[in-house]
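S.K.: Pasting in a structure now, in structure tokens, and then I'll have a few things to ask.
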Amino acid sequence: PFRTGKYVGAYHVSMPANNVKTSYRFYFDYGNIKPEDSNARYFTAAEYEAYTQSGSGKYVGVGLVTEMDSSGYLLVREVYPDSPAQMAGIKVGALITNVNGTRVTENNNESMAGRLRGEAGTKVTLTIQQDSQENNYELTLRAIEVPTVKTTMVSEDTAYISFTEWSGTTADQFIAQLNALKAQEVKGILLDVRGVTSNELSYAVRLLDPLLPSG
């Protein structure tokens, strides 16, 4: 599916562990560079910065997870706790119609979402539709810890813990919630790791430390 357009170059990566050389070819198609390998993807500078921040478990932004609504606006899908957005009263289901005075449309949706993160101290003005009203909110971007662990009680003595991803802060979040459950004297805990795509072994090791006996 990636063999379309004009060939623009390639790069090679050698893995010292098994001395296997992997090659990637790139083609130009409708203004986008696409890797021939379906398991790889091209990052813009902004996307790469967001990707590296997600691995750390922290990022600089307003604390909103959004997606494009059928109207073309940004639909708020999640509001991070203790974030500028939550403290301003923005709720899940709200629509962001303007960012810094620019109308959000289907064509600029991605770039408008990108303005919700950036350098700490940067101010961004959002026009929000929620509760049958439209209001402006001025938020200041700052470092936010991304919640990746969620605990739900499925019965009086059984807890269900799910993970959205594994990052540099996941183990601390997990241990804190695990200790809270121990204090409640729960008898069983279900761990759901489906959908976790992290390949960083150290994250998994830190999660196992409080569950396995020492030695």
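Ordering of the structure tokens sets the chain letters (A, B, ...); residue numbers start at 1 within each chain; ligands are numbered from 1 in the order shown.
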Show which residues sit within 8 Å of Ala88 of chain A, as a PDB file with all heavy atoms, in the first residue's frame. Count only C-alpha atoms, and ignore same-chain residues fewer than 2 positions away.

M.R.:
```
ATOM      1  N   PRO A  84      -5.121  21.995  34.035  1.00  0.00           N
ATOM      2  CA  PRO A  84      -5.746  23.299  33.811  1.00  0.00           C
ATOM      3  C   PRO A  84      -7.173  23.182  33.285  1.00  0.00           C
ATOM      4  O   PRO A  84      -8.048  23.962  33.674  1.00  0.00           O
ATOM      5  CB  PRO A  84      -4.814  23.955  32.785  1.00  0.00           C
ATOM      6  CG  PRO A  84      -3.480  23.322  33.029  1.00  0.00           C
ATOM      7  CD  PRO A  84      -3.792  21.908  33.395  1.00  0.00           C
ATOM      8  N   ALA A  85      -7.413  22.214  32.417  1.00  0.00           N
ATOM      9  CA  ALA A  85      -8.753  22.042  31.852  1.00  0.00           C
ATOM     10  C   ALA A  85      -9.761  21.632  32.914  1.00  0.00           C
ATOM     11  O   ALA A  85     -10.879  22.155  32.968  1.00  0.00           O
ATOM     12  CB  ALA A  85      -8.711  21.003  30.738  1.00  0.00           C
ATOM     13  N   GLN A  86      -9.378  20.695  33.778  1.00  0.00           N
ATOM     14  CA  GLN A  86     -10.308  20.258  34.825  1.00  0.00           C
ATOM     15  C   GLN A  86     -10.601  21.393  35.803  1.00  0.00           C
ATOM     16  O   GLN A  86     -11.749  21.610  36.195  1.00  0.00           O
ATOM     17  CB  GLN A  86      -9.744  19.061  35.586  1.00  0.00           C
ATOM     18  CG  GLN A  86     -10.743  18.499  36.602  1.00  0.00           C
ATOM     19  CD  GLN A  86     -10.112  17.521  37.567  1.00  0.00           C
ATOM     20  OE1 GLN A  86      -9.121  17.828  38.204  1.00  0.00           O
ATOM     21  NE2 GLN A  86     -10.699  16.339  37.676  1.00  0.00           N
ATOM     22  N   ILE A  90     -13.917  22.350  32.391  1.00  0.00           N
ATOM     23  CA  ILE A  90     -14.213  21.719  31.094  1.00  0.00           C
ATOM     24  C   ILE A  90     -14.522  20.241  31.325  1.00  0.00           C
ATOM     25  O   ILE A  90     -13.825  19.554  32.073  1.00  0.00           O
ATOM     26  CB  ILE A  90     -13.030  21.894  30.126  1.00  0.00           C
ATOM     27  CG1 ILE A  90     -12.785  23.389  29.876  1.00  0.00           C
ATOM     28  CG2 ILE A  90     -13.298  21.178  28.811  1.00  0.00           C
ATOM     29  CD1 ILE A  90     -11.550  23.683  29.050  1.00  0.00           C
ATOM     30  N   TYR A 137     -12.309  30.187  27.497  1.00  0.00           N
ATOM     31  CA  TYR A 137     -11.465  29.802  28.622  1.00  0.00           C
ATOM     32  C   TYR A 137     -10.013  30.080  28.245  1.00  0.00           C
ATOM     33  O   TYR A 137      -9.548  29.621  27.203  1.00  0.00           O
ATOM     34  CB  TYR A 137     -11.602  28.309  28.937  1.00  0.00           C
ATOM     35  CG  TYR A 137     -12.982  27.873  29.375  1.00  0.00           C
ATOM     36  CD1 TYR A 137     -13.989  27.650  28.437  1.00  0.00           C
ATOM     37  CD2 TYR A 137     -13.271  27.661  30.713  1.00  0.00           C
ATOM     38  CE1 TYR A 137     -15.255  27.242  28.835  1.00  0.00           C
ATOM     39  CE2 TYR A 137     -14.535  27.246  31.120  1.00  0.00           C
ATOM     40  CZ  TYR A 137     -15.522  27.036  30.168  1.00  0.00           C
ATOM     41  OH  TYR A 137     -16.766  26.621  30.562  1.00  0.00           O
ATOM     42  N   LEU A 139      -6.369  29.158  29.221  1.00  0.00           N
ATOM     43  CA  LEU A 139      -5.641  28.153  29.986  1.00  0.00           C
ATOM     44  C   LEU A 139      -4.145  28.327  29.776  1.00  0.00           C
ATOM     45  O   LEU A 139      -3.701  28.757  28.710  1.00  0.00           O
ATOM     46  CB  LEU A 139      -6.061  26.743  29.559  1.00  0.00           C
ATOM     47  CG  LEU A 139      -7.564  26.429  29.583  1.00  0.00           C
ATOM     48  CD1 LEU A 139      -7.810  25.020  29.090  1.00  0.00           C
ATOM     49  CD2 LEU A 139      -8.128  26.616  30.982  1.00  0.00           C
TER      50      LEU A 139
END
```

S.K.: Env of Ala171 of chain A: 12 Å cut, atoms = only C-alpha atoms, seq-sep filter 4 positions within chain, self excluded. Answer as a CSV table (one decimal) with C-alpha atoms, in the first residue's frame.

M.R.:
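Once everything was written out, this is part13.csv:
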```
chain,number,residue,atom,x,y,z
A,56,SER,CA,7.7,9.6,30.0
A,57,GLY,CA,4.2,9.6,31.4
A,147,PRO,CA,-3.2,8.9,34.2
A,148,THR,CA,-2.6,5.4,32.9
A,149,VAL,CA,-4.1,3.2,35.7
A,163,PHE,CA,-4.0,0.1,32.1
A,165,GLU,CA,-0.5,2.3,28.5
A,166,TRP,CA,2.8,1.7,30.4
A,167,SER,CA,4.9,4.8,30.9
A,175,ILE,CA,1.6,1.0,43.5
A,176,ALA,CA,-0.4,3.9,45.0
A,177,GLN,CA,-3.7,2.3,44.0
A,178,LEU,CA,-2.5,-1.1,45.0
A,202,SER,CA,11.7,-1.6,32.6
A,203,TYR,CA,8.1,-0.4,32.9
A,204,ALA,CA,6.8,-4.0,33.2
A,205,VAL,CA,9.5,-4.9,35.7
A,206,ARG,CA,8.5,-2.1,38.0
A,207,LEU,CA,4.9,-3.2,37.9
A,208,LEU,CA,5.8,-6.7,38.9
A,209,ASP,CA,8.0,-5.7,41.8
A,210,PRO,CA,5.2,-5.3,44.3
A,211,LEU,CA,3.4,-8.4,43.2
```

S.K.: Excluding segment 95-101 of chain A and any residue of its chain fewer than 3 positions from it, enumerate the residues within 8 Å of it, using only C-alpha atoms, and give them as a list in words.

M.R.: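 The residues satisfying every condition are Tyr73, Leu74, Leu75, Val76, Val104, Met112, Arg115, Val124, Thr125, Leu126, Thr127, Ile128, Gln129 and Gln130 of chain A.
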
S.K.: For N, CA, C and O atoms, I'd like the residues from the last selection saved as a tab-separated table (two decimals), in the first residue's frame.

M.R.:
```
chain	number	residue	atom	x	y	z
A	73	TYR	N	-15.54	19.99	14.79
A	73	TYR	CA	-14.98	20.54	16.00
A	73	TYR	C	-14.17	19.48	16.76
A	73	TYR	O	-14.21	18.29	16.44
A	74	LEU	N	-13.46	19.92	17.80
A	74	LEU	CA	-12.73	19.00	18.67
A	74	LEU	C	-13.64	18.55	19.80
A	74	LEU	O	-14.14	19.37	20.59
A	75	LEU	N	-13.88	17.25	19.89
A	75	LEU	CA	-14.70	16.68	20.95
A	75	LEU	C	-13.80	16.26	22.11
A	75	LEU	O	-12.81	15.54	21.91
A	76	VAL	N	-14.12	16.71	23.32
A	76	VAL	CA	-13.35	16.35	24.50
A	76	VAL	C	-13.72	14.93	24.91
A	76	VAL	O	-14.85	14.66	25.31
A	104	VAL	N	-12.31	26.02	14.51
A	104	VAL	CA	-11.88	24.64	14.31
A	104	VAL	C	-12.74	24.01	13.22
A	104	VAL	O	-13.98	24.07	13.28
A	112	MET	N	-5.15	22.36	15.17
A	112	MET	CA	-5.77	23.00	16.33
A	112	MET	C	-5.57	22.15	17.59
A	112	MET	O	-5.32	22.69	18.67
A	115	ARG	N	-2.27	22.68	19.30
A	115	ARG	CA	-2.09	23.89	20.11
A	115	ARG	C	-2.48	23.67	21.57
A	115	ARG	O	-2.27	24.54	22.40
A	124	VAL	N	-3.34	29.61	26.04
A	124	VAL	CA	-4.19	29.28	24.90
A	124	VAL	C	-5.64	29.60	25.28
A	124	VAL	O	-6.07	29.34	26.40
A	125	THR	N	-6.37	30.21	24.34
A	125	THR	CA	-7.77	30.56	24.58
A	125	THR	C	-8.67	29.61	23.79
A	125	THR	O	-8.53	29.48	22.57
A	126	LEU	N	-9.56	28.92	24.49
A	126	LEU	CA	-10.46	27.95	23.88
A	126	LEU	C	-11.90	28.44	24.00
A	126	LEU	O	-12.31	28.93	25.05
A	127	THR	N	-12.64	28.31	22.90
A	127	THR	CA	-14.08	28.55	22.94
A	127	THR	C	-14.76	27.20	23.06
A	127	THR	O	-14.56	26.33	22.20
A	128	ILE	N	-15.50	27.02	24.15
A	128	ILE	CA	-16.07	25.72	24.50
A	128	ILE	C	-17.59	25.76	24.47
A	128	ILE	O	-18.20	26.66	25.04
A	129	GLN	N	-18.19	24.75	23.83
A	129	GLN	CA	-19.63	24.53	23.90
A	129	GLN	C	-19.90	23.40	24.88
A	129	GLN	O	-19.46	22.26	24.66
A	130	GLN	N	-20.58	23.70	25.98
A	130	GLN	CA	-21.00	22.66	26.92
A	130	GLN	C	-22.16	23.20	27.76
A	130	GLN	O	-22.26	24.40	27.99
```

S.K.: Kindly indicate which residue among A:Glu138, A:Asp157, A:Glu119, A:Asp192 lies nearest to Met87 of chain A, using only C-alpha atoms for the distances.

M.R.: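 Once distances to Met87 of chain A are computed over only C-alpha atoms, the minimum belongs to A:Glu138.
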